[in-house]
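Student: Sharing model.txt here; it has compact mmCIF, C-alpha atoms.
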# COMPACT_ATOMS: atom_id res chain seq x y z
CA MET A 1 137.52 13.87 29.66
CA SER A 2 138.98 12.48 32.88
CA ALA A 3 138.46 15.85 34.58
CA GLY A 4 134.85 15.86 33.40
CA ARG A 5 134.22 12.40 34.79
CA ASN A 6 135.77 13.40 38.15
CA SER A 7 133.66 16.52 38.25
CA SER A 8 130.53 14.49 37.52
CA LYS A 9 131.37 12.03 40.29
CA SER A 10 132.02 14.84 42.79
CA GLY A 11 128.73 16.45 41.92
CA LEU A 12 126.90 13.15 42.37
CA PHE A 13 128.63 12.59 45.69
CA LEU A 14 127.74 16.06 46.91
CA ILE A 15 124.11 15.63 45.96
CA GLU A 16 124.02 12.26 47.68
CA LEU A 17 125.63 13.79 50.77
CA ILE A 18 123.07 16.58 50.90
CA VAL A 19 120.18 14.14 50.56
CA ALA A 20 121.70 11.90 53.24
CA ILE A 21 122.12 14.84 55.64
CA VAL A 22 118.56 16.00 55.11
CA PHE A 23 117.25 12.47 55.63
CA PHE A 24 119.41 12.09 58.75
CA ALA A 25 118.15 15.39 60.17
CA VAL A 26 114.49 14.41 59.75
CA ALA A 27 114.92 10.89 61.10
CA SER A 28 117.11 11.90 64.04
CA ALA A 29 114.57 14.58 65.06
CA ASN A 30 111.98 11.81 65.43
CA CYS A 31 114.41 9.65 67.38
CA ILE A 32 115.24 12.52 69.73
CA GLN A 33 111.51 13.01 70.27
CA LEU A 34 111.30 9.36 71.33
CA PHE A 35 114.23 9.80 73.72
CA VAL A 36 112.65 12.88 75.29
CA GLY A 37 109.31 11.06 75.62
CA ALA A 38 111.02 8.15 77.32
CA HIS A 39 112.77 10.52 79.72
CA MET A 40 109.49 12.30 80.64
CA LEU A 41 107.76 8.94 81.18
CA SER A 42 110.60 7.79 83.38
CA LYS A 43 110.34 11.01 85.44
CA SER A 44 106.58 10.52 85.84
CA SER A 45 107.13 6.95 86.92
CA SER A 46 109.72 8.00 89.49
CA ASP A 47 107.43 10.75 90.84
CA LEU A 48 104.49 8.34 91.17
CA ASN A 49 106.64 5.73 92.87
CA MET A 50 107.93 8.14 95.49
CA ALA A 51 104.49 9.71 95.94
CA VAL A 52 103.01 6.29 96.74
CA THR A 53 105.76 5.62 99.28
CA VAL A 54 105.36 9.02 100.95
CA ALA A 55 101.56 8.69 101.02
CA GLN A 56 101.84 5.26 102.64
CA ASN A 57 104.29 6.59 105.25
CA THR A 58 101.95 9.49 105.99
CA ALA A 59 98.95 7.16 106.31
CA GLU A 60 100.76 4.95 108.79
CA CYS A 61 101.92 8.00 110.77
CA PHE A 62 98.30 9.16 110.90
CA LYS A 63 97.22 5.74 112.21
CA LEU A 64 99.95 5.91 114.85
CA THR A 65 98.90 9.35 116.10
CA GLY A 66 95.18 8.59 115.90
CA GLY A 67 94.32 11.81 114.09
CA SER A 68 96.01 14.31 116.38
CA VAL A 69 97.19 17.29 114.29
CA GLU A 70 99.84 18.28 116.81
CA GLU A 71 101.40 14.84 117.04
CA LEU A 72 101.20 14.33 113.29
CA SER A 73 102.80 17.72 112.67
CA ALA A 74 105.66 16.91 115.05
CA LEU A 75 106.17 13.49 113.45
CA LEU A 76 106.16 14.70 109.85
CA SER A 77 107.60 18.21 110.38
CA GLY A 78 104.55 19.70 108.73
CA GLU A 79 102.75 23.04 108.84
CA PRO A 80 99.30 22.83 110.47
CA GLY A 81 96.53 24.79 108.81
CA ALA A 82 94.70 27.65 110.50
CA ASP A 83 91.53 25.56 110.95
CA GLY A 84 93.44 22.84 112.84
CA LYS A 85 92.08 20.19 110.47
CA THR A 86 94.75 20.32 107.78
CA LEU A 87 98.47 19.76 107.60
CA THR A 88 100.97 20.40 104.81
CA VAL A 89 104.34 18.70 104.54
CA TYR A 90 106.86 19.97 101.99
CA TYR A 91 109.45 17.87 100.14
CA ASP A 92 112.35 18.86 97.89
CA GLY A 93 113.42 17.24 94.62
CA SER A 94 115.04 14.32 96.48
CA TRP A 95 111.89 13.77 98.55
CA GLN A 96 113.51 15.03 101.73
CA SER A 97 111.45 17.12 104.12
CA THR A 98 112.11 20.82 103.54
CA SER A 99 110.63 24.30 103.91
CA ARG A 100 107.94 25.83 101.71
CA GLU A 101 110.45 27.96 99.77
CA ASN A 102 112.53 25.00 98.54
CA ALA A 103 109.62 22.64 97.99
CA LYS A 104 109.14 20.71 94.76
CA TYR A 105 106.32 18.53 96.14
CA HIS A 106 103.87 18.84 99.00
CA VAL A 107 101.61 16.46 100.89
CA PHE A 108 98.27 17.94 101.93
CA ILE A 109 96.52 16.08 104.75
CA THR A 110 92.86 16.77 105.51
CA LEU A 111 91.67 15.31 108.80
CA GLY A 112 88.04 14.40 109.34
CA GLY A 113 85.79 11.67 110.65
CA THR A 114 84.72 11.28 114.25
CA GLU A 115 86.64 11.03 117.51
CA ARG A 116 86.33 7.24 117.50
CA LEU A 117 86.89 6.85 113.76
CA PRO A 118 89.17 9.64 112.51
CA SER A 119 90.03 9.76 108.83
CA ALA A 120 92.72 11.45 106.76
CA MET A 121 92.72 12.29 103.07
CA ILE A 122 96.34 12.40 101.90
CA ALA A 123 97.09 14.11 98.59
CA VAL A 124 100.60 14.31 97.10
CA SER A 125 101.02 17.13 94.59
CA LYS A 126 103.74 18.88 92.63
CA GLN A 127 104.76 22.46 93.33
CA PRO A 128 103.93 25.11 92.28
CA ALA A 129 101.18 24.10 89.89
CA GLY A 130 99.62 21.76 92.43
CA GLU A 131 99.23 18.92 89.95
CA LEU A 132 97.94 15.90 91.87
CA VAL A 133 100.28 12.92 91.71
CA TYR A 134 98.67 10.46 94.12
CA GLU A 135 95.88 10.39 96.70
CA ILE A 136 94.65 7.93 99.35
CA THR A 137 92.31 7.98 102.33
CA ALA A 138 93.10 6.31 105.64
CA GLU A 139 90.94 5.62 108.70
CA LYS A 140 91.74 4.31 112.14
CA TYR A 141 89.32 3.04 114.76
CA MET A 142 90.16 4.35 118.22
CA PRO A 143 88.30 2.21 120.82
CA MET B 1 150.22 5.29 31.53
CA SER B 2 149.61 6.84 34.93
CA GLY B 3 147.77 4.81 37.58
CA LYS B 4 144.26 5.54 38.63
CA ARG B 5 143.89 8.15 41.36
CA SER B 6 141.85 7.37 44.40
CA THR B 7 138.60 9.27 44.42
CA GLY B 8 138.11 8.98 48.21
CA ILE B 9 134.76 7.75 49.42
CA ASN B 10 132.79 6.15 46.66
CA VAL B 11 129.30 7.18 45.77
CA GLY B 12 126.94 5.29 48.11
CA GLY B 13 129.35 5.07 51.04
CA SER B 14 127.84 8.00 52.89
CA SER B 15 124.32 6.64 52.36
CA ILE B 16 125.31 3.34 53.91
CA LEU B 17 126.87 5.17 56.85
CA VAL B 18 123.75 7.29 57.40
CA ILE B 19 121.49 4.25 57.19
CA PHE B 20 123.61 2.40 59.74
CA VAL B 21 123.66 5.34 62.15
CA LEU B 22 119.91 5.85 61.83
CA LEU B 23 119.29 2.16 62.42
CA CYS B 24 121.25 2.28 65.66
CA LEU B 25 119.57 5.51 66.76
CA THR B 26 116.11 4.16 66.03
CA THR B 27 116.81 0.91 67.87
CA PHE B 28 118.03 2.68 71.00
CA ALA B 29 115.19 5.20 70.94
CA THR B 30 112.59 2.43 70.61
CA LEU B 31 114.20 0.42 73.39
CA SER B 32 114.23 3.47 75.68
CA MET B 33 110.57 4.17 75.01
CA VAL B 34 109.47 0.57 75.52
CA SER B 35 111.47 0.26 78.73
CA ALA B 36 110.14 3.55 80.15
CA ASN B 37 106.58 2.58 79.23
CA ALA B 38 106.88 -0.81 80.90
CA ASP B 39 108.31 0.81 84.03
CA TYR B 40 105.45 3.32 84.15
CA LYS B 41 102.83 0.59 83.80
CA LEU B 42 104.45 -1.34 86.64
CA THR B 43 104.42 1.77 88.84
CA GLN B 44 100.77 2.34 88.03
CA LYS B 45 99.92 -1.24 89.02
CA ALA B 46 101.80 -0.81 92.29
CA SER B 47 99.94 2.44 93.05
CA GLU B 48 96.62 0.74 92.27
CA ALA B 49 97.48 -2.07 94.66
CA VAL B 50 98.24 0.42 97.44
CA SER B 51 95.02 2.34 96.75
CA ASN B 52 93.03 -0.90 96.86
CA TYR B 53 94.64 -1.88 100.15
CA TYR B 54 93.80 1.41 101.86
CA ALA B 55 90.26 1.42 100.50
CA ALA B 56 89.75 -2.07 101.96
CA ASP B 57 91.51 -0.98 105.15
CA CYS B 58 89.05 1.91 105.62
CA LEU B 59 86.08 -0.43 105.22
CA ALA B 60 87.68 -2.91 107.62
CA GLU B 61 88.17 -0.18 110.26
CA GLU B 62 84.50 0.86 109.91
CA LYS B 63 83.38 -2.73 110.35
CA LEU B 64 85.69 -3.04 113.34
CA ALA B 65 84.04 0.02 114.86
CA GLN B 66 80.64 -1.61 114.33
CA ILE B 67 81.81 -4.91 115.87
CA ASP B 68 83.36 -3.21 118.89
CA GLY B 69 80.18 -1.27 119.44
CA LEU B 70 78.21 -4.52 119.56
CA LEU B 71 80.74 -6.11 121.90
CA ALA B 72 80.51 -3.12 124.24
CA GLN B 73 76.71 -3.28 124.18
CA SER B 74 76.74 -7.02 124.90
CA TYR B 75 79.07 -6.57 127.85
CA THR B 76 77.03 -3.71 129.28
CA ALA B 77 73.75 -5.62 128.84
CA ASP B 78 74.86 -8.91 130.38
CA ALA B 79 78.52 -9.41 131.36
CA ASP B 80 77.90 -13.01 132.51
CA GLN B 81 76.52 -14.10 129.16
CA TYR B 82 79.07 -11.96 127.27
CA TYR B 83 80.16 -14.55 124.73
CA ALA B 84 76.68 -15.83 123.97
CA SER B 85 75.14 -12.38 123.58
CA SER B 86 78.13 -11.15 121.57
CA ALA B 87 77.89 -14.08 119.19
CA ALA B 88 74.17 -13.49 118.77
CA ALA B 89 74.68 -9.78 118.10
CA LEU B 90 77.54 -10.40 115.66
CA ALA B 91 75.47 -12.92 113.74
CA THR B 92 73.39 -9.99 112.49
CA VAL B 93 76.44 -8.33 110.91
CA GLU B 94 76.96 -9.32 107.30
CA GLY B 95 80.17 -11.17 106.50
CA VAL B 96 81.26 -11.70 110.11
CA SER B 97 81.89 -15.20 111.46
CA VAL B 98 82.39 -16.10 115.10
CA SER B 99 84.12 -19.17 116.51
CA ARG B 100 85.30 -20.29 119.92
CA ALA B 101 89.04 -20.85 120.36
CA GLY B 102 89.44 -22.33 123.82
CA ALA B 103 88.58 -19.70 126.40
CA ASP B 104 88.57 -16.97 123.77
CA MET B 105 86.29 -16.07 120.93
CA GLN B 106 87.54 -15.41 117.40
CA ILE B 107 85.78 -12.97 115.11
CA SER B 108 86.76 -12.95 111.46
CA TYR B 109 85.67 -11.12 108.35
CA THR B 110 87.04 -10.25 104.94
CA ILE B 111 86.87 -7.13 102.79
CA PRO B 112 87.45 -7.45 99.02
CA ALA B 113 90.48 -5.42 97.93
CA SER B 114 90.63 -6.32 94.25
CA GLU B 115 89.55 -9.06 91.86
CA THR B 116 92.21 -11.41 93.17
CA GLN B 117 92.82 -10.21 96.73
CA GLU B 118 90.93 -9.57 99.95
CA LEU B 119 91.78 -8.12 103.34
CA SER B 120 91.38 -10.82 105.98
CA VAL B 121 90.78 -9.66 109.55
CA VAL B 122 90.82 -11.91 112.61
CA LEU B 123 90.10 -10.54 116.08
CA THR B 124 90.57 -12.47 119.29
CA THR B 125 88.37 -11.39 122.12
CA ALA B 126 88.77 -12.46 125.73
CA HIS B 127 86.28 -11.80 128.49
CA PRO B 128 87.19 -8.28 129.71
CA ALA B 129 87.33 -7.65 133.45
CA SER B 130 85.59 -4.27 133.07
CA ALA B 131 83.87 -2.18 130.43
CA ALA B 132 86.96 0.05 130.07
CA GLU B 133 89.28 -2.82 129.20
CA PRO B 134 90.04 -3.63 125.57
CA ARG B 135 87.52 -6.05 124.17
CA TYR B 136 89.61 -7.47 121.32
CA VAL B 137 93.11 -7.95 119.98
CA ARG B 138 93.92 -7.80 116.26
CA THR B 139 95.31 -11.24 115.56
CA ALA B 140 95.47 -10.93 111.78
CA TRP B 141 95.08 -8.01 109.37
CA ASN B 142 96.54 -8.94 106.02
CA ILE B 143 95.92 -9.26 102.33
CA VAL B 144 95.28 -12.80 101.07
CA SER B 145 94.87 -14.07 97.57
CA THR B 146 91.46 -15.31 96.47
CA VAL B 147 92.78 -17.08 93.40
CA GLN B 148 93.20 -20.84 93.74
CA HIS B 149 96.51 -21.81 92.23
CA ASP B 150 96.54 -25.17 90.48
CA THR B 151 99.64 -26.92 91.80
CA GLU B 152 99.02 -30.23 90.01
CA GLY B 153 101.54 -30.78 87.24
CA ASP B 154 104.07 -28.29 85.88
CA THR B 155 106.18 -28.54 89.04
CA LEU B 156 109.82 -29.38 89.41
CA ASN B 157 110.71 -32.84 90.61
CA LEU B 158 111.84 -31.79 94.09
CA TRP B 159 113.06 -34.01 96.90
CA ASP B 160 110.25 -34.60 99.36
CA GLY B 161 112.45 -35.62 102.28
CA ASP B 162 112.25 -39.34 101.67
CA GLU B 163 115.15 -40.80 103.64
CA ASP B 164 115.04 -44.09 101.72
CA LEU B 165 116.89 -42.51 98.84
CA GLN B 166 120.58 -42.52 99.75
CA LEU B 167 122.59 -40.07 97.73
CA PHE B 168 125.85 -40.75 99.54
CA ILE B 169 126.85 -44.16 100.77
CA PRO B 170 129.61 -43.87 103.38
As structure tokens - that is how I would like this structure written.

Tutor:
Amino acid sequence: MSAGRNSSKSGLFLIELIVAIVFFAVASANCIQLFVGAHMLSKSSSDLNMAVTVAQNTAECFKLTGGSVEELSALLSGEPGADGKTLTVYYDGSWQSTSRENAKYHVFITLGGTERLPSAMIAVSKQPAGELVYEITAEKYMP
Amino acid sequence: MSGKRSTGINVGGSSILVIFVLLCLTTFATLSMVSANADYKLTQKASEAVSNYYAADCLAEEKLAQIDGLLAQSYTADADQYYASSAAALATVEGVSVSRAGADMQISYTIPASETQELSVVLTTAHPASAAEPRYVRTAWNIVSTVQHDTEGDTLNLWDGDEDLQLFIP
């Protein structure tokens, strides 16, 4: 009779353990989903933060050079476009200037406006998909 | 009579353990998500503020171009009556105010940046010696708040510099 009672208790314990494990597996999957979501959101936030900083730096460099592609290219270590109106600057994962091959992000600058009032559209995007992260337009009056 | 043998973990012990672990896991996961969300919202607000600033900056540069054009025209038309003709020409530009500051003339205007901020621009213009000389100097170009803060009440009782109150008597 004692052996029967022990066997019954072991069976009950095993069933409880199985139910607990299944419940834990389902609930922890949801929790891990939350962790992953938080991590992705944090990455997006970091990308946006750095993109804003880089775009601001680029805008101020543009204002300093007054819209000259050559000067801007030398200042930012960028690649001028064939039309002479665009410039691309490449950045790696740590937002350091790098070559096109190692780039994780790029800043595409489109120059326009007039001689007295040049403008620059600055777009920060991810490589290689080209997903736009941040964009601003800057102008500078040259008297 | 032999003593009772220990049966190890009792029924219900593992359930309590699982519940405790899941509680901790859920708490940390929720905290992570809330913290990341709050950080992202803050970053978005910062990016909006920068976008607003540059949008206002572009408009301010365009208005500056317009003002400088009028100043150049006034100087070319009548250099002797430069200030008077400039002031008259600038009076036609919306949102621009002109005032005399000694021997110089101050031109100021504002461009709205957001609901609570505006870009305030102040230019100081001296009488140029020739048409090629610069006609203005940017004295101020900054964001100012348009919200009036109510400072009455709800302030700490700070010392206002009254020397009558002696805290230390030698």

Student: Determine the nearest neighbour of A:Tyr134 from the options B:Val137, B:Leu70, B:Ala77, B:Ala46, counting only C-alpha atoms.

Tutor: B:Ala46

Student: Give me the residues within 12 Å of A:Ser46 as a compact mmCIF listing (two decimals) with C-alpha atoms, in the coordinates of the input, counting all atoms listed in the file and dropping any in the same chain fewer than 2 places off.

Tutor:
# COMPACT_ATOMS: atom_id res chain seq x y z
CA HIS A 39 112.77 10.52 79.72
CA MET A 40 109.49 12.30 80.64
CA LEU A 41 107.76 8.94 81.18
CA SER A 42 110.60 7.79 83.38
CA LYS A 43 110.34 11.01 85.44
CA SER A 44 106.58 10.52 85.84
CA LEU A 48 104.49 8.34 91.17
CA ASN A 49 106.64 5.73 92.87
CA MET A 50 107.93 8.14 95.49
CA ALA A 51 104.49 9.71 95.94
CA VAL A 52 103.01 6.29 96.74
CA THR A 53 105.76 5.62 99.28
CA GLY A 93 113.42 17.24 94.62
CA SER A 94 115.04 14.32 96.48
CA TRP A 95 111.89 13.77 98.55
CA VAL A 133 100.28 12.92 91.71
CA ALA B 36 110.14 3.55 80.15
CA ASP B 39 108.31 0.81 84.03
CA TYR B 40 105.45 3.32 84.15
CA LYS B 41 102.83 0.59 83.80
CA LEU B 42 104.45 -1.34 86.64
CA THR B 43 104.42 1.77 88.84
CA GLN B 44 100.77 2.34 88.03
CA SER B 47 99.94 2.44 93.05

Student: Please give the centre and size of the box around stretch 126-136 of chain B (axis-aligned, containing every atom listed in the file, 6 Å added per side), with values in Å to one decimal and written as AutoDock Vina command-line options.

Tutor:
--center_x 87.0 --center_y -6.2 --center_z 127.4 --size_x 18.2 --size_y 24.5 --size_z 24.1

Student: Return as a VMD selection string the residues belonging to chain A that are within 8 Å of chain B, counting all atoms listed in the file.

Tutor: chain A and resid 9 12 to 13 16 to 17 20 to 21 24 27 to 28 31 to 32 34 to 35 37 to 39 41 to 42 44 to 45 48 to 49 52 56 117 136 to 141 143

Student: Rank nothing, just name the residue among B:Ala129, B:Leu71, B:Phe20, B:Asp80 nearest to B:Ile107, using all atoms listed in the file.

Tutor: B:Leu71

Student: Need to verify the contact set: stretch 59-62 of chain A, 10 Å, all atoms listed in the file, exclusion of same-chain residues closer than 3 positions in sequence. Can you return it as a VMD selection string?

Tutor: (chain A and resid 53 to 56 65 to 69 71 to 73 75 to 76 109 111 118 to 122 136 to 140) or (chain B and resid 54)

Student: For B:Ala89, work out the shell of residues within 9 Å, counting all atoms listed in the file and skipping chain neighbours fewer than 4 positions away, then give it as a list of chain:residue names.

Tutor: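 Near B:Ala89, the qualifying residues are B:Ile67, B:Leu70, B:Leu71, B:Ser74, B:Ala84, B:Ser85, B:Val93.
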
Student: Do you know which residues are at most 12 Å from B:Val147 counting only C-alpha atoms, after dropping those on the same chain fewer than 5 positions away, and could you put them as an NGL selection string?

Tutor: :B and (114-118)

Student: Env of B:Val98: 12 Å cut, atoms = only C-alpha atoms, seq-sep filter 2 positions within chain, self excluded. Answer as a ChimeraX atom specification.

Tutor: /B:67,83-96,100-101,104-109,121-125

Student: Please, what distance in Å, to one decimal, runs between atom CA of A:Ser125 and atom CA of A:Lys104?

Tutor: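 Atom CA of A:Ser125 sits 8.9 Å away from atom CA of A:Lys104.
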
Student: Between atom CA of A:Tyr90 and atom CA of A:Arg116, what is the distance in Å, rounded to a tenth?

Tutor: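 Interatomic distance, atom CA of A:Tyr90 to atom CA of A:Arg116: 28.7 Å.
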
Student: To one decimal in Å, tell me the separation between atom CA of A:Glu101 and atom CA of A:Val36.

Tutor: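 Rounded to one decimal, the two atoms are 28.8 Å apart.
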
Student: Using all atoms listed in the file, which of the listed residues (B:Ser99, B:Pro128, B:Ala49, B:Ile111) sits closest to B:Ala79?

Tutor: B:Pro128
